[in-house]
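As structure tokens, the structure follows; a few thoughts come after it.
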Amino acid sequence: MSKNNPILQVKDLTVSFNAFAGKVQAVRGVSFDLNKGETLCIVGESGSGKSVTNKAIMGILSKNAVIDRGEILYDGMDLTKLTEEQFCQIRGKRIAMVFQDPIASLNPRMTVQEIIAEGLKIKGIKDEATVRNMVGEALYRVGLLPEHATRYPHEFSGGQRQRIGIARALAVDPEFIVCDEPISALDVSIQAQV
């Protein structure tokens, strides 16, 4: 894709939250384009709306959030207009996310195998042997062993849990990955690999 045909366009995105004291503005007029093969970094101080922008792209804003105006265009679709059912056709299949907080984003009742396999099965890969191999490969790519797949998130350090979140996103081979501080919990050598 060329500069004339970005994979993702965010145009004048404005998001607020309905709070007890009234409406709270979180994102005001954010615009950017992402072209295939590019890495785009959004930089700002804590509380500036980076995570809210990421969650708006993924369609996972909290119930009290309101997209006041703007568009998020992906593959000819305005993501701000999709129903949850429509979003499920692209989230985890074509776009993935690495969350800032691996503890909150990994289900403690699921093994690592189940966590990573969930996205693969949503994508349509049903053969258990194939899924198991793909999970092992994803773990290996982030510096973990395939044997770790049988363990639960609480059995890992914070940096290892972050790697599991990265493996989950990479496993589905998405068109692009939204990352919310994906390497903050990782040691320097793993940061460089990521």
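Chains: A, B, ... in order of the structure tokens. Residues: from 1 per chain. Ligands: from 1, in order shown.
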
- Near-A:Ala104 list (12 Å; only C-alpha atoms; drop same-chain fewer than 3 positions) as an NGL selection string: :A and (98-101 or 107-108 or 153-154 or 158 or 161-162 or 165)

- Compile the contact shell of A:Phe32 as a PyMOL selection string: residues with an atom at most 7 Å away, counting only C-alpha atoms, same-chain residues fewer than 6 positions apart removed. chain A and resi 9-11

- Task: Have a look at atom CA of A:Asp173 and atom CA of A:Asp78 and let me know their distance in Å, one decimal.
- Result: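 According to the coordinates, atom CA of A:Asp173 and atom CA of A:Asp78 are separated by 22.1 Å.
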
- Task: Any chance you could list, as a VMD selection string, the residues in stretch 23-151 of chain A that come up strand (DSSP E) when DSSP is run on the backbone?
- Result: chain A and resid 23 to 34 65 to 74 77 to 78 95 to 98

Selection from above, N, CA, C and O atoms, as a CSV table (one decimal), in the first residue's frame, can you write it?
```csv
chain,number,residue,atom,x,y,z
A,23,LYS,N,-19.3,15.1,31.6
A,23,LYS,CA,-18.6,14.6,30.5
A,23,LYS,C,-17.1,14.9,30.7
A,23,LYS,O,-16.7,16.1,30.9
A,24,VAL,N,-16.2,13.9,30.5
A,24,VAL,CA,-14.8,14.1,30.6
A,24,VAL,C,-14.2,13.8,29.2
A,24,VAL,O,-14.3,12.7,28.7
A,25,GLN,N,-13.5,14.8,28.7
A,25,GLN,CA,-12.8,14.6,27.4
A,25,GLN,C,-11.5,13.9,27.6
A,25,GLN,O,-10.7,14.2,28.4
A,26,ALA,N,-11.4,12.8,26.8
A,26,ALA,CA,-10.1,12.0,26.9
A,26,ALA,C,-9.3,12.1,25.6
A,26,ALA,O,-8.0,12.1,25.8
A,27,VAL,N,-9.9,12.2,24.5
A,27,VAL,CA,-9.1,12.4,23.2
A,27,VAL,C,-9.8,13.5,22.4
A,27,VAL,O,-11.0,13.5,22.3
A,28,ARG,N,-9.0,14.4,21.9
A,28,ARG,CA,-9.5,15.5,21.2
A,28,ARG,C,-8.9,15.7,19.8
A,28,ARG,O,-7.7,16.1,19.7
A,29,GLY,N,-9.6,15.3,18.8
A,29,GLY,CA,-9.2,15.6,17.4
A,29,GLY,C,-7.9,14.9,17.0
A,29,GLY,O,-7.1,15.5,16.3
A,30,VAL,N,-7.7,13.6,17.3
A,30,VAL,CA,-6.5,12.9,16.9
A,30,VAL,C,-6.7,12.4,15.5
A,30,VAL,O,-7.7,11.9,15.1
A,31,SER,N,-5.7,12.6,14.7
A,31,SER,CA,-5.6,12.2,13.3
A,31,SER,C,-4.3,11.6,12.9
A,31,SER,O,-3.3,12.2,13.3
A,32,PHE,N,-4.3,10.5,12.2
A,32,PHE,CA,-3.0,9.9,11.7
A,32,PHE,C,-3.4,8.8,10.7
A,32,PHE,O,-4.5,8.3,10.6
A,33,ASP,N,-2.4,8.5,9.8
A,33,ASP,CA,-2.5,7.5,8.9
A,33,ASP,C,-1.4,6.4,9.2
A,33,ASP,O,-0.3,6.8,9.6
A,34,LEU,N,-1.7,5.2,8.9
A,34,LEU,CA,-0.7,4.1,9.1
A,34,LEU,C,-0.7,3.3,7.8
A,34,LEU,O,-1.7,2.8,7.3
A,65,ALA,N,-17.9,5.2,27.6
A,65,ALA,CA,-17.2,6.0,26.6
A,65,ALA,C,-18.1,6.4,25.4
A,65,ALA,O,-18.9,5.6,25.0
A,66,VAL,N,-17.8,7.5,24.8
A,66,VAL,CA,-18.6,8.0,23.7
A,66,VAL,C,-17.6,8.5,22.6
A,66,VAL,O,-16.7,9.4,23.0
A,67,ILE,N,-17.7,8.0,21.4
A,67,ILE,CA,-16.9,8.6,20.3
A,67,ILE,C,-17.8,9.8,19.8
A,67,ILE,O,-18.8,9.6,19.2
A,68,ASP,N,-17.4,11.0,20.2
A,68,ASP,CA,-18.1,12.2,19.9
A,68,ASP,C,-18.1,12.5,18.4
A,68,ASP,O,-19.1,13.0,17.8
A,69,ARG,N,-16.9,12.3,17.8
A,69,ARG,CA,-16.8,12.6,16.3
A,69,ARG,C,-15.6,11.9,15.8
A,69,ARG,O,-14.7,11.4,16.6
A,70,GLY,N,-15.5,11.8,14.5
A,70,GLY,CA,-14.3,11.3,13.9
A,70,GLY,C,-14.5,9.9,13.2
A,70,GLY,O,-15.6,9.4,13.4
A,71,GLU,N,-13.5,9.5,12.5
A,71,GLU,CA,-13.6,8.2,11.8
A,71,GLU,C,-12.3,7.4,12.1
A,71,GLU,O,-11.3,8.0,12.3
A,72,ILE,N,-12.5,6.1,12.1
A,72,ILE,CA,-11.4,5.2,12.1
A,72,ILE,C,-11.6,4.2,10.9
A,72,ILE,O,-12.4,3.3,11.0
A,73,LEU,N,-10.9,4.5,9.9
A,73,LEU,CA,-11.1,3.8,8.6
A,73,LEU,C,-10.1,2.6,8.4
A,73,LEU,O,-8.9,2.9,8.5
A,74,TYR,N,-10.6,1.4,8.2
A,74,TYR,CA,-9.8,0.3,8.0
A,74,TYR,C,-10.5,-0.6,6.9
A,74,TYR,O,-11.6,-1.0,7.0
A,77,MET,N,-13.9,0.3,5.9
A,77,MET,CA,-14.9,0.3,6.9
A,77,MET,C,-14.6,1.4,7.9
A,77,MET,O,-13.4,1.6,8.3
A,78,ASP,N,-15.6,2.1,8.4
A,78,ASP,CA,-15.4,3.0,9.5
A,78,ASP,C,-15.7,2.2,10.8
A,78,ASP,O,-16.8,1.8,11.1
A,95,ILE,N,-6.7,-7.7,13.0
A,95,ILE,CA,-6.1,-6.7,13.8
A,95,ILE,C,-5.9,-7.4,15.2
A,95,ILE,O,-6.9,-8.0,15.7
A,96,ALA,N,-4.8,-7.2,15.9
A,96,ALA,CA,-4.6,-7.7,17.2
A,96,ALA,C,-4.0,-6.6,18.1
A,96,ALA,O,-3.6,-5.5,17.6
A,97,MET,N,-4.0,-6.9,19.4
A,97,MET,CA,-3.5,-5.9,20.3
A,97,MET,C,-2.6,-6.5,21.4
A,97,MET,O,-2.9,-7.6,21.9
A,98,VAL,N,-1.6,-5.8,21.7
A,98,VAL,CA,-0.8,-6.1,22.9
A,98,VAL,C,-1.1,-5.1,23.9
A,98,VAL,O,-0.9,-3.9,23.7
```

- Task: as JSON, numbers by chain, please: all residues of stretch 132-168 of chain A that backbone DSSP puts in helix (DSSP H, G or I).
- Result: {"A": [132, 133, 134, 135, 136, 137, 138, 139, 140, 141, 146, 147, 148, 149, 150, 153, 154, 155, 158, 159, 160, 161, 162, 163, 164, 165, 166, 167, 168]}

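The nearest approach to A:Val172 among the residues A:Gly44, A:Leu120, A:Thr130, A:Glu137, with only C-alpha atoms taken into account, belongs to A:Leu120.
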
- For A:Gly124, the nearest of the candidates A:Gly49, A:Tyr140, A:Asp12, A:Gly92, counting only C-alpha atoms: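 Of A:Gly49, A:Tyr140, A:Asp12, A:Gly92, the one nearest A:Gly124 is A:Gly92, counting only C-alpha atoms.
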
- For each of A:Ile166, A:Val112, A:Ile57, A:Leu8, take the minimum atom-to-atom distance to A:Glu147, counting only C-alpha atoms, then give the residue where this is smallest.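 With only C-alpha atoms as the atom set, the closest residue is A:Val112.
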
- Task: Determine, counting only C-alpha atoms, which protein, DNA and RNA residues have an atom within 12 Å of an atom of A:Leu145; residues of the same chain fewer than 6 positions away are not included. Present the result as a PyMOL selection string.
- Result: chain A and resi 112-113+133+135-139+151+160+163-164+167

Go ahead and save the picked residues with N, CA, C and O atoms, as an mmCIF file, in the first residue's frame.
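Result file is out.cif:
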```
data_model
loop_
_atom_site.group_PDB
_atom_site.id
_atom_site.type_symbol
_atom_site.label_atom_id
_atom_site.label_comp_id
_atom_site.auth_asym_id
_atom_site.auth_seq_id
_atom_site.Cartn_x
_atom_site.Cartn_y
_atom_site.Cartn_z
ATOM 1 N N VAL A 112 -1.763 -20.959 29.076
ATOM 2 C CA VAL A 112 -1.168 -20.180 27.988
ATOM 3 C C VAL A 112 -1.604 -20.766 26.643
ATOM 4 O O VAL A 112 -1.903 -20.035 25.703
ATOM 5 N N GLN A 113 -1.655 -22.097 26.566
ATOM 6 C CA GLN A 113 -2.123 -22.770 25.341
ATOM 7 C C GLN A 113 -3.517 -22.269 24.957
ATOM 8 O O GLN A 113 -3.768 -21.891 23.819
ATOM 9 N N ASN A 133 1.120 -26.622 17.577
ATOM 10 C CA ASN A 133 2.390 -26.240 16.954
ATOM 11 C C ASN A 133 2.509 -24.729 16.781
ATOM 12 O O ASN A 133 3.574 -24.153 17.001
ATOM 13 N N VAL A 135 1.019 -22.429 18.582
ATOM 14 C CA VAL A 135 1.198 -21.838 19.909
ATOM 15 C C VAL A 135 2.659 -21.971 20.333
ATOM 16 O O VAL A 135 3.282 -21.013 20.801
ATOM 17 N N GLY A 136 3.234 -23.160 20.142
ATOM 18 C CA GLY A 136 4.641 -23.373 20.487
ATOM 19 C C GLY A 136 5.560 -22.453 19.704
ATOM 20 O O GLY A 136 6.513 -21.878 20.258
ATOM 21 N N GLU A 137 5.274 -22.273 18.421
ATOM 22 C CA GLU A 137 6.072 -21.382 17.572
ATOM 23 C C GLU A 137 5.965 -19.929 18.036
ATOM 24 O O GLU A 137 6.957 -19.203 18.091
ATOM 25 N N ALA A 138 4.750 -19.508 18.395
ATOM 26 C CA ALA A 138 4.549 -18.135 18.877
ATOM 27 C C ALA A 138 5.309 -17.903 20.177
ATOM 28 O O ALA A 138 5.931 -16.849 20.359
ATOM 29 N N LEU A 139 5.285 -18.878 21.074
ATOM 30 C CA LEU A 139 6.028 -18.746 22.331
ATOM 31 C C LEU A 139 7.533 -18.678 22.072
ATOM 32 O O LEU A 139 8.241 -17.864 22.669
ATOM 33 N N ARG A 151 1.156 -24.018 31.348
ATOM 34 C CA ARG A 151 1.106 -23.273 32.599
ATOM 35 C C ARG A 151 0.062 -22.146 32.544
ATOM 36 O O ARG A 151 -0.446 -21.810 31.495
ATOM 37 N N GLN A 160 7.474 -12.098 31.495
ATOM 38 C CA GLN A 160 7.049 -13.298 30.768
ATOM 39 C C GLN A 160 5.574 -13.202 30.366
ATOM 40 O O GLN A 160 5.196 -13.604 29.266
ATOM 41 N N ARG A 163 5.331 -11.150 27.367
ATOM 42 C CA ARG A 163 5.716 -11.928 26.181
ATOM 43 C C ARG A 163 4.573 -12.829 25.716
ATOM 44 O O ARG A 163 4.390 -13.029 24.522
ATOM 45 N N ILE A 164 3.817 -13.365 26.659
ATOM 46 C CA ILE A 164 2.658 -14.194 26.292
ATOM 47 C C ILE A 164 1.640 -13.344 25.539
ATOM 48 O O ILE A 164 1.070 -13.774 24.534
ATOM 49 N N ALA A 167 2.978 -12.897 22.121
ATOM 50 C CA ALA A 167 2.823 -14.147 21.362
ATOM 51 C C ALA A 167 1.381 -14.317 20.896
ATOM 52 O O ALA A 167 1.135 -14.747 19.764
#
```

- Note on the structure: atom CA of A:Cys88 to atom CA of A:Asn18 measures 25.1 Å

- Message: Residues within 12 Å of A:Gln86, please, as an NGL selection string. Count only C-alpha atoms; anything in the same chain fewer than 5 positions from it doesn't count.
- Response: :A and (58-59 or 77-81 or 91)

Export, as a PDB file, in the first residue's frame, the selected residues with all heavy atoms.
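Dumped to again.pdb:
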```
ATOM      1  N   MET A  58      -9.576  -0.653  18.453  1.00  0.00           N
ATOM      2  CA  MET A  58      -9.925  -2.063  18.647  1.00  0.00           C
ATOM      3  C   MET A  58     -11.408  -2.282  18.955  1.00  0.00           C
ATOM      4  O   MET A  58     -11.868  -3.415  19.008  1.00  0.00           O
ATOM      5  CB  MET A  58      -9.082  -2.665  19.777  1.00  0.00           C
ATOM      6  CG  MET A  58      -7.604  -2.741  19.462  1.00  0.00           C
ATOM      7  SD  MET A  58      -7.210  -3.732  18.005  1.00  0.00           S
ATOM      8  CE  MET A  58      -7.705  -5.360  18.530  1.00  0.00           C
ATOM      9  N   GLY A  59     -12.154  -1.203  19.190  1.00  0.00           N
ATOM     10  CA  GLY A  59     -13.569  -1.339  19.507  1.00  0.00           C
ATOM     11  C   GLY A  59     -13.826  -1.902  20.883  1.00  0.00           C
ATOM     12  O   GLY A  59     -14.808  -2.621  21.097  1.00  0.00           O
ATOM     13  N   MET A  77     -13.909   0.288   5.863  1.00  0.00           N
ATOM     14  CA  MET A  77     -14.928   0.320   6.912  1.00  0.00           C
ATOM     15  C   MET A  77     -14.593   1.410   7.918  1.00  0.00           C
ATOM     16  O   MET A  77     -13.432   1.607   8.256  1.00  0.00           O
ATOM     17  CB  MET A  77     -14.976  -1.007   7.676  1.00  0.00           C
ATOM     18  CG  MET A  77     -15.306  -2.215   6.864  1.00  0.00           C
ATOM     19  SD  MET A  77     -15.150  -3.728   7.870  1.00  0.00           S
ATOM     20  CE  MET A  77     -13.372  -3.976   7.828  1.00  0.00           C
ATOM     21  N   ASP A  78     -15.625   2.080   8.418  1.00  0.00           N
ATOM     22  CA  ASP A  78     -15.449   2.999   9.541  1.00  0.00           C
ATOM     23  C   ASP A  78     -15.693   2.182  10.810  1.00  0.00           C
ATOM     24  O   ASP A  78     -16.830   1.802  11.109  1.00  0.00           O
ATOM     25  CB  ASP A  78     -16.424   4.174   9.448  1.00  0.00           C
ATOM     26  CG  ASP A  78     -16.225   5.193  10.563  1.00  0.00           C
ATOM     27  OD1 ASP A  78     -15.422   4.928  11.496  1.00  0.00           O
ATOM     28  OD2 ASP A  78     -16.880   6.246  10.505  1.00  0.00           O
ATOM     29  N   LEU A  79     -14.623   1.882  11.531  1.00  0.00           N
ATOM     30  CA  LEU A  79     -14.721   1.028  12.719  1.00  0.00           C
ATOM     31  C   LEU A  79     -15.612   1.619  13.796  1.00  0.00           C
ATOM     32  O   LEU A  79     -16.148   0.888  14.625  1.00  0.00           O
ATOM     33  CB  LEU A  79     -13.321   0.743  13.280  1.00  0.00           C
ATOM     34  CG  LEU A  79     -12.332   0.042  12.341  1.00  0.00           C
ATOM     35  CD1 LEU A  79     -11.017  -0.228  13.063  1.00  0.00           C
ATOM     36  CD2 LEU A  79     -12.904  -1.228  11.769  1.00  0.00           C
ATOM     37  N   THR A  80     -15.801   2.935  13.787  1.00  0.00           N
ATOM     38  CA  THR A  80     -16.659   3.553  14.800  1.00  0.00           C
ATOM     39  C   THR A  80     -18.127   3.216  14.584  1.00  0.00           C
ATOM     40  O   THR A  80     -18.938   3.426  15.474  1.00  0.00           O
ATOM     41  CB  THR A  80     -16.493   5.088  14.829  1.00  0.00           C
ATOM     42  OG1 THR A  80     -16.999   5.646  13.614  1.00  0.00           O
ATOM     43  CG2 THR A  80     -15.046   5.491  15.033  1.00  0.00           C
ATOM     44  N   LYS A  81     -18.456   2.710  13.410  1.00  0.00           N
ATOM     45  CA  LYS A  81     -19.859   2.411  13.076  1.00  0.00           C
ATOM     46  C   LYS A  81     -20.200   0.931  13.183  1.00  0.00           C
ATOM     47  O   LYS A  81     -21.354   0.541  12.995  1.00  0.00           O
ATOM     48  CB  LYS A  81     -20.175   2.872  11.644  1.00  0.00           C
ATOM     49  CG  LYS A  81     -19.834   4.330  11.349  1.00  0.00           C
ATOM     50  CD  LYS A  81     -20.859   5.270  11.923  1.00  0.00           C
ATOM     51  CE  LYS A  81     -20.678   6.675  11.406  1.00  0.00           C
ATOM     52  NZ  LYS A  81     -20.097   7.585  12.362  1.00  0.00           N
ATOM     53  N   ARG A  91     -11.484  -8.287  14.706  1.00  0.00           N
ATOM     54  CA  ARG A  91     -10.656  -8.224  15.916  1.00  0.00           C
ATOM     55  C   ARG A  91     -10.121  -9.620  16.241  1.00  0.00           C
ATOM     56  O   ARG A  91     -10.875 -10.575  16.338  1.00  0.00           O
ATOM     57  CB  ARG A  91     -11.481  -7.712  17.092  1.00  0.00           C
ATOM     58  CG  ARG A  91     -10.653  -7.447  18.337  1.00  0.00           C
ATOM     59  CD  ARG A  91     -11.470  -7.130  19.577  1.00  0.00           C
ATOM     60  NE  ARG A  91     -12.445  -6.090  19.400  1.00  0.00           N
ATOM     61  CZ  ARG A  91     -13.767  -6.277  19.532  1.00  0.00           C
ATOM     62  NH1 ARG A  91     -14.273  -7.466  19.797  1.00  0.00           N
ATOM     63  NH2 ARG A  91     -14.595  -5.266  19.396  1.00  0.00           N
TER      64      ARG A  91
END
```
